[in-house]
Amino acid sequence: MLGAAAGPGGASHVSITVKTKSAILRSAVLALAAVLVSWAVVLWQSRPPPGPDRAAVRVTLELGAAGDDIVNRSGLPIRRSQAGEALLYDASPGQLGTPVVPVIEHRGRRVALPPAGSLLFYDSLAGDEGVQEVNIQFAVPADDRDTAEINGTGTGQAASEGQAQRRHALALRRTVGQVQQALREQGWQRYIPLSSPRVAGRDSYDLPGSWQAGQVQDSDTGYLPEPQDWLALRHTPTWIWYLDGAFLRLSYYRGDAAQGQAAALRASVQGERAVLRAHAPAGAGGWEAARNAYAQAMPGLLAQRHAAESRARAAGVAVMQDWIDPPVAGIEVPRR
C-alpha cells in the first residue's frame, strides 16, 4: 500500500505498507466469520418455539405388513435383530435419537398415539404373517396443567409427596384419555375377554370396597376414574380395544420407587393370529391348530365369566346383558 506523508521541514516522503498473503487471508477469514455469526443470530431469533413434539418423527406400523417394508417406508435407521423365531425391530427414541410418535394402521385406519418412551415391533422369520405384535411404552410427563391444578393444596413434606402423587395421577388420566379418544374416533371398540364379567363404568375398576376384588381382567374403555380413584386402585387397570381382527391392550404399571422403577403406561397391539396362538398347545403350529384350540377353550372361558357375573349381581352390580362379543378368526361367541 502506498501513501504520502509530510516529513521533517515539510518535505514529503512515501511510506510503504506491505501485507503478506497470510495476513490477507486472515482478514478475509475474520470477515467471513463475522458474517456467519450475524446469520446465526438471525436464524436463532427466528427459530420456532420449543415444544415436546418438535422434531418428533412418526413411525407408521401396519399390522400384517412386512417388518422390512415398515422400515423402508419410514426412512429411519430402525435396528433389526433376531429374537427367537421372530425378527425384532427397535424404533425407540433412544435408538433413533429423536422423539417418536407411533401410528397404528389397521384396515386403512390410522391412530396416532402419544409419544413413545420405547417402541418395538415383531415379524416372523418365516415372513408369512407380517407384523403381528407391537409393544409400546409411553412417557407420561406431568405438565403445567397438572401443576396448576394442584397448587395451593398444602405445605410440608407430606403435602409435597401428596401433590407429586396427584400430579402423576392427573398426567396418567390425561394420557389414557388421549388414547381412548384417538381409538374411539377411528372405530376401535371395547373388548371384554370371554372370562371377564360384562360390567361397565366405575364397577370395572378394582377400588377399595368394590365387589370384584380382582375379578375384572379389563376396565371400561369409555370411563376414566377420578384422580383420587387413580391413587386408590388396588389392582392396576387394563383396557382392551378391538377392531376387525386386531387387539390393543393398554396397561398401567405403578412401578416400584424402591427398585428405581417408574410408573408407566404400556400398550401391546396384536393381530388375531398372535392372540389365538396363545391358546394353542405347546408345539402345535399352524393357523387351524390355533383356531381349534380357541374354540375348544371357549366354554371354559365363558364359565369363568358367568361365575364372576353371578358374584357381581349378588353385590348389586349391573351386568350388560345386551353385550355382543365380536367373532375372532371367524369363530362366533354363543350368546347367553
# chains A, B, ... in the order shown; residues from 1 in each chain; ligands from 1
>>> select_by_dssp(residues="region 158-319 of chain A", states="strand (DSSP E)", output="PyMOL selection string")
chain A and resi 189-190+238-243+246-253+264-271
>>> write_last_selection(atoms="N, CA and C atoms", output="compact mmCIF listing (two decimals), in the first residue's frame")
# COMPACT_ATOMS: atom_id res chain seq x y z
N GLN A 189 -63.34 -50.41 19.40
CA GLN A 189 -64.36 -50.58 20.43
C GLN A 189 -63.82 -51.40 21.59
N ARG A 190 -64.49 -51.26 22.71
CA ARG A 190 -64.07 -52.03 23.88
C ARG A 190 -64.20 -53.52 23.61
N THR A 238 -56.36 -52.50 33.18
CA THR A 238 -56.01 -52.79 31.79
C THR A 238 -57.23 -52.49 30.93
N TRP A 239 -56.99 -51.81 29.81
CA TRP A 239 -58.06 -51.50 28.87
C TRP A 239 -57.78 -52.25 27.57
N ILE A 240 -58.82 -52.81 26.95
CA ILE A 240 -58.65 -53.58 25.71
C ILE A 240 -59.62 -53.05 24.66
N TRP A 241 -59.08 -52.80 23.46
CA TRP A 241 -59.91 -52.39 22.32
C TRP A 241 -59.79 -53.43 21.21
N TYR A 242 -60.79 -53.40 20.33
CA TYR A 242 -60.83 -54.38 19.22
C TYR A 242 -61.27 -53.66 17.96
N LEU A 243 -60.64 -54.04 16.83
CA LEU A 243 -61.06 -53.54 15.53
C LEU A 243 -60.77 -54.60 14.48
N ALA A 246 -57.97 -57.10 15.19
CA ALA A 246 -56.80 -56.56 15.89
C ALA A 246 -57.19 -56.16 17.30
N PHE A 247 -56.26 -56.32 18.22
CA PHE A 247 -56.50 -56.01 19.63
C PHE A 247 -55.44 -55.02 20.10
N LEU A 248 -55.85 -54.03 20.88
CA LEU A 248 -54.91 -53.12 21.51
C LEU A 248 -55.16 -53.16 23.02
N ARG A 249 -54.14 -53.52 23.76
CA ARG A 249 -54.23 -53.64 25.22
C ARG A 249 -53.34 -52.58 25.85
N LEU A 250 -53.94 -51.74 26.69
CA LEU A 250 -53.21 -50.69 27.40
C LEU A 250 -53.22 -51.00 28.89
N SER A 251 -52.04 -51.05 29.50
CA SER A 251 -51.93 -51.41 30.90
C SER A 251 -51.16 -50.33 31.65
N TYR A 252 -51.57 -50.13 32.89
CA TYR A 252 -50.92 -49.16 33.76
C TYR A 252 -50.10 -49.91 34.81
N TYR A 253 -48.83 -49.56 34.91
CA TYR A 253 -47.94 -50.15 35.91
C TYR A 253 -47.50 -49.07 36.89
N ALA A 264 -45.60 -46.45 34.54
CA ALA A 264 -45.63 -46.32 33.08
C ALA A 264 -46.94 -46.85 32.52
N LEU A 265 -47.23 -46.41 31.33
CA LEU A 265 -48.32 -46.98 30.54
C LEU A 265 -47.70 -47.79 29.41
N ARG A 266 -48.17 -49.02 29.26
CA ARG A 266 -47.63 -49.88 28.22
C ARG A 266 -48.77 -50.39 27.35
N ALA A 267 -48.53 -50.40 26.06
CA ALA A 267 -49.55 -50.88 25.11
C ALA A 267 -48.97 -52.00 24.29
N SER A 268 -49.82 -52.98 24.01
CA SER A 268 -49.45 -54.02 23.07
C SER A 268 -50.55 -54.14 22.03
N VAL A 269 -50.16 -54.12 20.77
CA VAL A 269 -51.09 -54.25 19.65
C VAL A 269 -50.82 -55.60 19.00
N GLN A 270 -51.87 -56.41 18.86
CA GLN A 270 -51.70 -57.75 18.31
C GLN A 270 -52.76 -58.05 17.27
N GLY A 271 -52.37 -58.76 16.23
CA GLY A 271 -53.33 -59.32 15.30
C GLY A 271 -53.95 -60.57 15.91
>>> closest_residue(among="A:Asp244, A:Arg184, A:Arg167, A:Pro197", to="Leu231 (chain A)", atoms="only C-alpha atoms")
A:Arg167
>>> closest_residue(among="A:Val100, A:Leu88, A:Met298, A:Leu170", to="Leu76 (chain A)", atoms="only C-alpha atoms")
A:Val100
>>> atom_distance(atom1="CA of Ala314 (chain A)", atom2="CA of Gln296 (chain A)")
29.4 Å
>>> atom_distance(atom1="CA of Ala274 (chain A)", atom2="CA of Leu61 (chain A)")
15.7 Å
>>> closest_residue(among="A:Asn72, A:Ala232, A:Trp188, A:Leu276", to="Ala290 (chain A)", atoms="only C-alpha atoms")
A:Leu276
>>> atom_distance(atom1="CA of Ile78 (chain A)", atom2="CA of Gly97 (chain A)")
10.7 Å
>>> closest_residue(among="A:Pro299, A:Pro327, A:Gly94, A:Gly67", to="Glu133 (chain A)", atoms="only C-alpha atoms")
A:Gly67
>>> residues_around(residues="Tyr294 (chain A)", least_positions_apart="2", cutoff="12 Å", atoms="only C-alpha atoms", output="VMD selection string")
chain A and resid 194 272 to 281 287 to 292 296 to 302 327 to 333
>>> write_last_selection(atoms="N, CA and C atoms", output="short mmCIF file (atom, residue, chain, number, x, y, z; two decimals), in the first residue's frame")
data_model
loop_
_atom_site.label_atom_id
_atom_site.label_comp_id
_atom_site.auth_asym_id
_atom_site.auth_seq_id
_atom_site.Cartn_x
_atom_site.Cartn_y
_atom_site.Cartn_z
N LEU A 194 -63.45 -63.23 27.20
CA LEU A 194 -64.56 -64.16 27.44
C LEU A 194 -64.62 -64.62 28.89
N GLU A 272 -55.09 -61.01 15.37
CA GLU A 272 -55.77 -62.14 15.97
C GLU A 272 -54.95 -63.43 15.88
N ARG A 273 -54.05 -63.50 14.93
CA ARG A 273 -53.19 -64.68 14.84
C ARG A 273 -52.31 -64.79 16.09
N ALA A 274 -51.75 -63.66 16.52
CA ALA A 274 -50.91 -63.68 17.72
C ALA A 274 -51.74 -63.98 18.96
N VAL A 275 -52.97 -63.47 19.03
CA VAL A 275 -53.82 -63.70 20.19
C VAL A 275 -54.24 -65.16 20.27
N LEU A 276 -54.66 -65.73 19.16
CA LEU A 276 -55.12 -67.12 19.18
C LEU A 276 -53.98 -68.10 19.39
N ARG A 277 -52.78 -67.72 18.97
CA ARG A 277 -51.65 -68.62 19.12
C ARG A 277 -51.40 -68.94 20.60
N ALA A 278 -51.79 -68.04 21.48
CA ALA A 278 -51.60 -68.28 22.92
C ALA A 278 -52.46 -69.43 23.43
N HIS A 279 -53.52 -69.76 22.71
CA HIS A 279 -54.40 -70.86 23.13
C HIS A 279 -53.93 -72.21 22.60
N ALA A 280 -53.05 -72.19 21.62
CA ALA A 280 -52.62 -73.45 21.00
C ALA A 280 -51.68 -74.20 21.95
N PRO A 281 -51.76 -75.52 21.99
CA PRO A 281 -50.85 -76.31 22.83
C PRO A 281 -49.40 -76.10 22.41
N TRP A 287 -52.21 -72.14 11.73
CA TRP A 287 -53.37 -71.31 11.99
C TRP A 287 -54.58 -72.13 12.41
N GLU A 288 -54.84 -73.22 11.77
CA GLU A 288 -56.01 -74.04 12.11
C GLU A 288 -55.90 -74.63 13.51
N ALA A 289 -54.69 -75.01 13.90
CA ALA A 289 -54.49 -75.54 15.25
C ALA A 289 -54.84 -74.49 16.29
N ALA A 290 -54.45 -73.24 16.04
CA ALA A 290 -54.76 -72.16 16.98
C ALA A 290 -56.26 -71.89 17.03
N ARG A 291 -56.93 -71.90 15.87
CA ARG A 291 -58.38 -71.68 15.84
C ARG A 291 -59.11 -72.78 16.59
N ASN A 292 -58.71 -74.02 16.37
CA ASN A 292 -59.37 -75.14 17.05
C ASN A 292 -59.16 -75.07 18.56
N GLN A 296 -62.12 -74.71 21.40
CA GLN A 296 -62.24 -75.68 22.48
C GLN A 296 -62.15 -75.03 23.85
N ALA A 297 -61.40 -73.93 23.95
CA ALA A 297 -61.25 -73.24 25.24
C ALA A 297 -62.44 -72.34 25.56
N MET A 298 -63.25 -72.02 24.57
CA MET A 298 -64.31 -71.05 24.75
C MET A 298 -65.31 -71.42 25.86
N PRO A 299 -65.82 -72.66 25.95
CA PRO A 299 -66.79 -72.98 27.03
C PRO A 299 -66.21 -72.74 28.42
N GLY A 300 -64.97 -73.11 28.64
CA GLY A 300 -64.36 -72.89 29.94
C GLY A 300 -64.20 -71.41 30.25
N LEU A 301 -63.84 -70.62 29.27
CA LEU A 301 -63.69 -69.18 29.47
C LEU A 301 -65.04 -68.54 29.81
N LEU A 302 -66.08 -68.94 29.10
CA LEU A 302 -67.40 -68.38 29.36
C LEU A 302 -67.92 -68.80 30.72
N PRO A 327 -66.84 -61.77 16.80
CA PRO A 327 -66.21 -63.04 16.41
C PRO A 327 -64.70 -62.84 16.23
N VAL A 328 -63.94 -63.83 16.61
CA VAL A 328 -62.49 -63.79 16.46
C VAL A 328 -62.09 -64.91 15.51
N ALA A 329 -61.38 -64.58 14.45
CA ALA A 329 -60.96 -65.56 13.44
C ALA A 329 -62.16 -66.31 12.88
N GLY A 330 -63.29 -65.61 12.77
CA GLY A 330 -64.49 -66.22 12.22
C GLY A 330 -65.25 -67.11 13.17
N ILE A 331 -64.83 -67.21 14.43
CA ILE A 331 -65.50 -68.06 15.41
C ILE A 331 -66.48 -67.21 16.23
N GLU A 332 -67.76 -67.51 16.10
CA GLU A 332 -68.78 -66.75 16.81
C GLU A 332 -68.83 -67.18 18.28
N VAL A 333 -69.17 -66.22 19.14
CA VAL A 333 -69.31 -66.49 20.57
C VAL A 333 -70.80 -66.68 20.87
#
